[in-house]
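K.L.:
Structure below; questions to follow.
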Amino acid sequence: LIFPTAVSVPERLWTLIGSCRCQVAVVGGTCCHWTCPLSAGINRSEVSVMSREQVSITDLLLSLESSELQEVERVKTAVNQQLSTDRGGAVLSSLVEHYLDSSSSQVVLLLSSIREPHHKVLLEKLNEALNRPGNRLAGVTLLGHLIRKQPPWVHHISQSPILLSLLRCLKTDGDVVVLNTGVLVLITLLPMIPQAGKQHIYDFFDVFGRLVSWSYKNPGHVAPVYLVHLHAGVYSLFHRLYGMFPCNFISYLRLHYSMEENLDTFQEVVKVSNTSTYPYGPVQTR
């Protein structure tokens, strides 16, 4: 059975309705009811198999944001079937790229169902996104969505290059939205990868110190509303680090904020923010 190519799959050249009719599709101004497979004696199960074989992942993703819930579920089922046989990671890569372009919540749901060993390709693609300035915010956001789903492979992040990319981003990036998003990802991620503290504990502390300084000095001259969010994120990061690495973190604070150039930041941000929960007796700099 040969179908016209003037109308693409996402436009649904034909959609079965009821038991014996197809949706009217217009090609060149004329009705193409003759494309209905029922007229050729093909049953619905055969139609389903044929359509899955012919529809590419690109076409499926274009239909993923449909307002028709049943269609979305059919597309998700088809994508999951392709993921299950995705040996080279092409389907998974397409999903990540689609999210980077569209921020699709449906893609988040699909990617959160990924199981080992497919997580390796996923983390590689996310790492690539974090290292591309144009995709960094979307990449960090997607990483945050995924780890909040607590997938079974999340502990592998401690040994993945994506952790280093996230830390490097928080140490060097000048986009306050990226920093706000990234620090929330780190706060969420730390309890899931406690083993990473052995290797990266001082990287975590350096991120804290950098964000405290950035929120105080505001080198990017960003609007106050963004600084409020960043300050809240730094406050939460303080509690996370103090809760997980109390002795090491106190030692870091003593050393880092005993330096003359950091005293103002300590007095105006760190001490003021946290005196209600911790008196900073052991961390006095003078």
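FYI, nothing fancy with the structure tokens labels: chains A, B, ... in order, residues from 1 per chain, ligands from 1 as they appear.
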If we count only C-alpha atoms, what is near A:Glu97 at a cut-off of 12 Å, once residues fewer than 3 positions away on the same chain are taken out, given as a PyMOL selection string?
P.N.:
chain A and resi 57-58+61+90-94+100-104+107-108+111+122+125-126+128-129+135+138-139+142
K.L.:
For atom CA of A:Ser251 and atom CA of A:His156, determine how far apart the two atoms are, in Å to one decimal place.
P.N.:
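Distance between the two atoms: 28.7 Å.
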K.L.:
Extract the full set of alpha helix (DSSP H) residues from stretch 79-252 of chain A according to DSSP on the backbone, and format it as a PyMOL selection string.
P.N.:
chain A and resi 79-84+90-102+105-111+119-130+136-148+161-172+176-189+197-217+224-244+246-252
K.L.:
Would you pick out the contacts of stretch 190-193 of chain A at 9 Å or less, using only C-alpha atoms, so that residues sharing its chain but fewer than 5 positions from it are not included, and give the list as a list in words?
P.N.:
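The filter keeps Ile147, Gln150, Val154, His155, His156, Ile157, Ser158, Val185, Arg240, Leu241 and Met244 of chain A.
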K.L.:
Mind writing the picked residues with N, CA and C atoms as a short mmCIF file (atom, residue, chain, number, x, y, z; two decimals), in the first residue's frame?
P.N.:
```
data_model
loop_
_atom_site.label_atom_id
_atom_site.label_comp_id
_atom_site.auth_asym_id
_atom_site.auth_seq_id
_atom_site.Cartn_x
_atom_site.Cartn_y
_atom_site.Cartn_z
N ILE A 147 16.85 14.10 38.32
CA ILE A 147 17.30 13.62 39.63
C ILE A 147 16.18 13.72 40.66
N GLN A 150 14.45 10.63 41.11
CA GLN A 150 15.25 9.62 41.79
C GLN A 150 15.35 8.31 40.99
N VAL A 154 20.95 7.12 39.55
CA VAL A 154 21.40 8.46 39.94
C VAL A 154 22.76 8.42 40.65
N HIS A 155 23.07 7.33 41.35
CA HIS A 155 24.36 7.27 42.06
C HIS A 155 25.55 7.26 41.11
N HIS A 156 25.31 6.90 39.85
CA HIS A 156 26.41 6.89 38.87
C HIS A 156 26.89 8.30 38.54
N ILE A 157 26.11 9.30 38.87
CA ILE A 157 26.50 10.68 38.57
C ILE A 157 27.79 11.04 39.30
N SER A 158 28.03 10.42 40.46
CA SER A 158 29.24 10.74 41.22
C SER A 158 30.51 10.39 40.46
N VAL A 185 20.02 22.17 41.84
CA VAL A 185 20.35 20.81 41.40
C VAL A 185 21.38 20.19 42.33
N ARG A 240 22.85 22.24 53.73
CA ARG A 240 23.16 20.92 53.19
C ARG A 240 24.61 20.54 53.50
N LEU A 241 25.54 21.46 53.28
CA LEU A 241 26.95 21.16 53.52
C LEU A 241 27.24 21.00 55.02
N MET A 244 25.92 17.56 56.08
CA MET A 244 26.62 16.38 55.56
C MET A 244 28.09 16.33 55.96
#
```
K.L.:
Pick from A:Leu167, A:Pro117, A:His231, A:Lys217: nearest to A:Leu130, with only C-alpha atoms counted?
P.N.:
A:Leu167
K.L.:
Of the candidates A:Asp206, A:Glu73, A:Asp173, A:Glu68, which shows the shortest atom-to-atom distance to A:Arg132, using only C-alpha atoms?
P.N.:
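For A:Arg132, the nearest of the given residues is A:Asp173.
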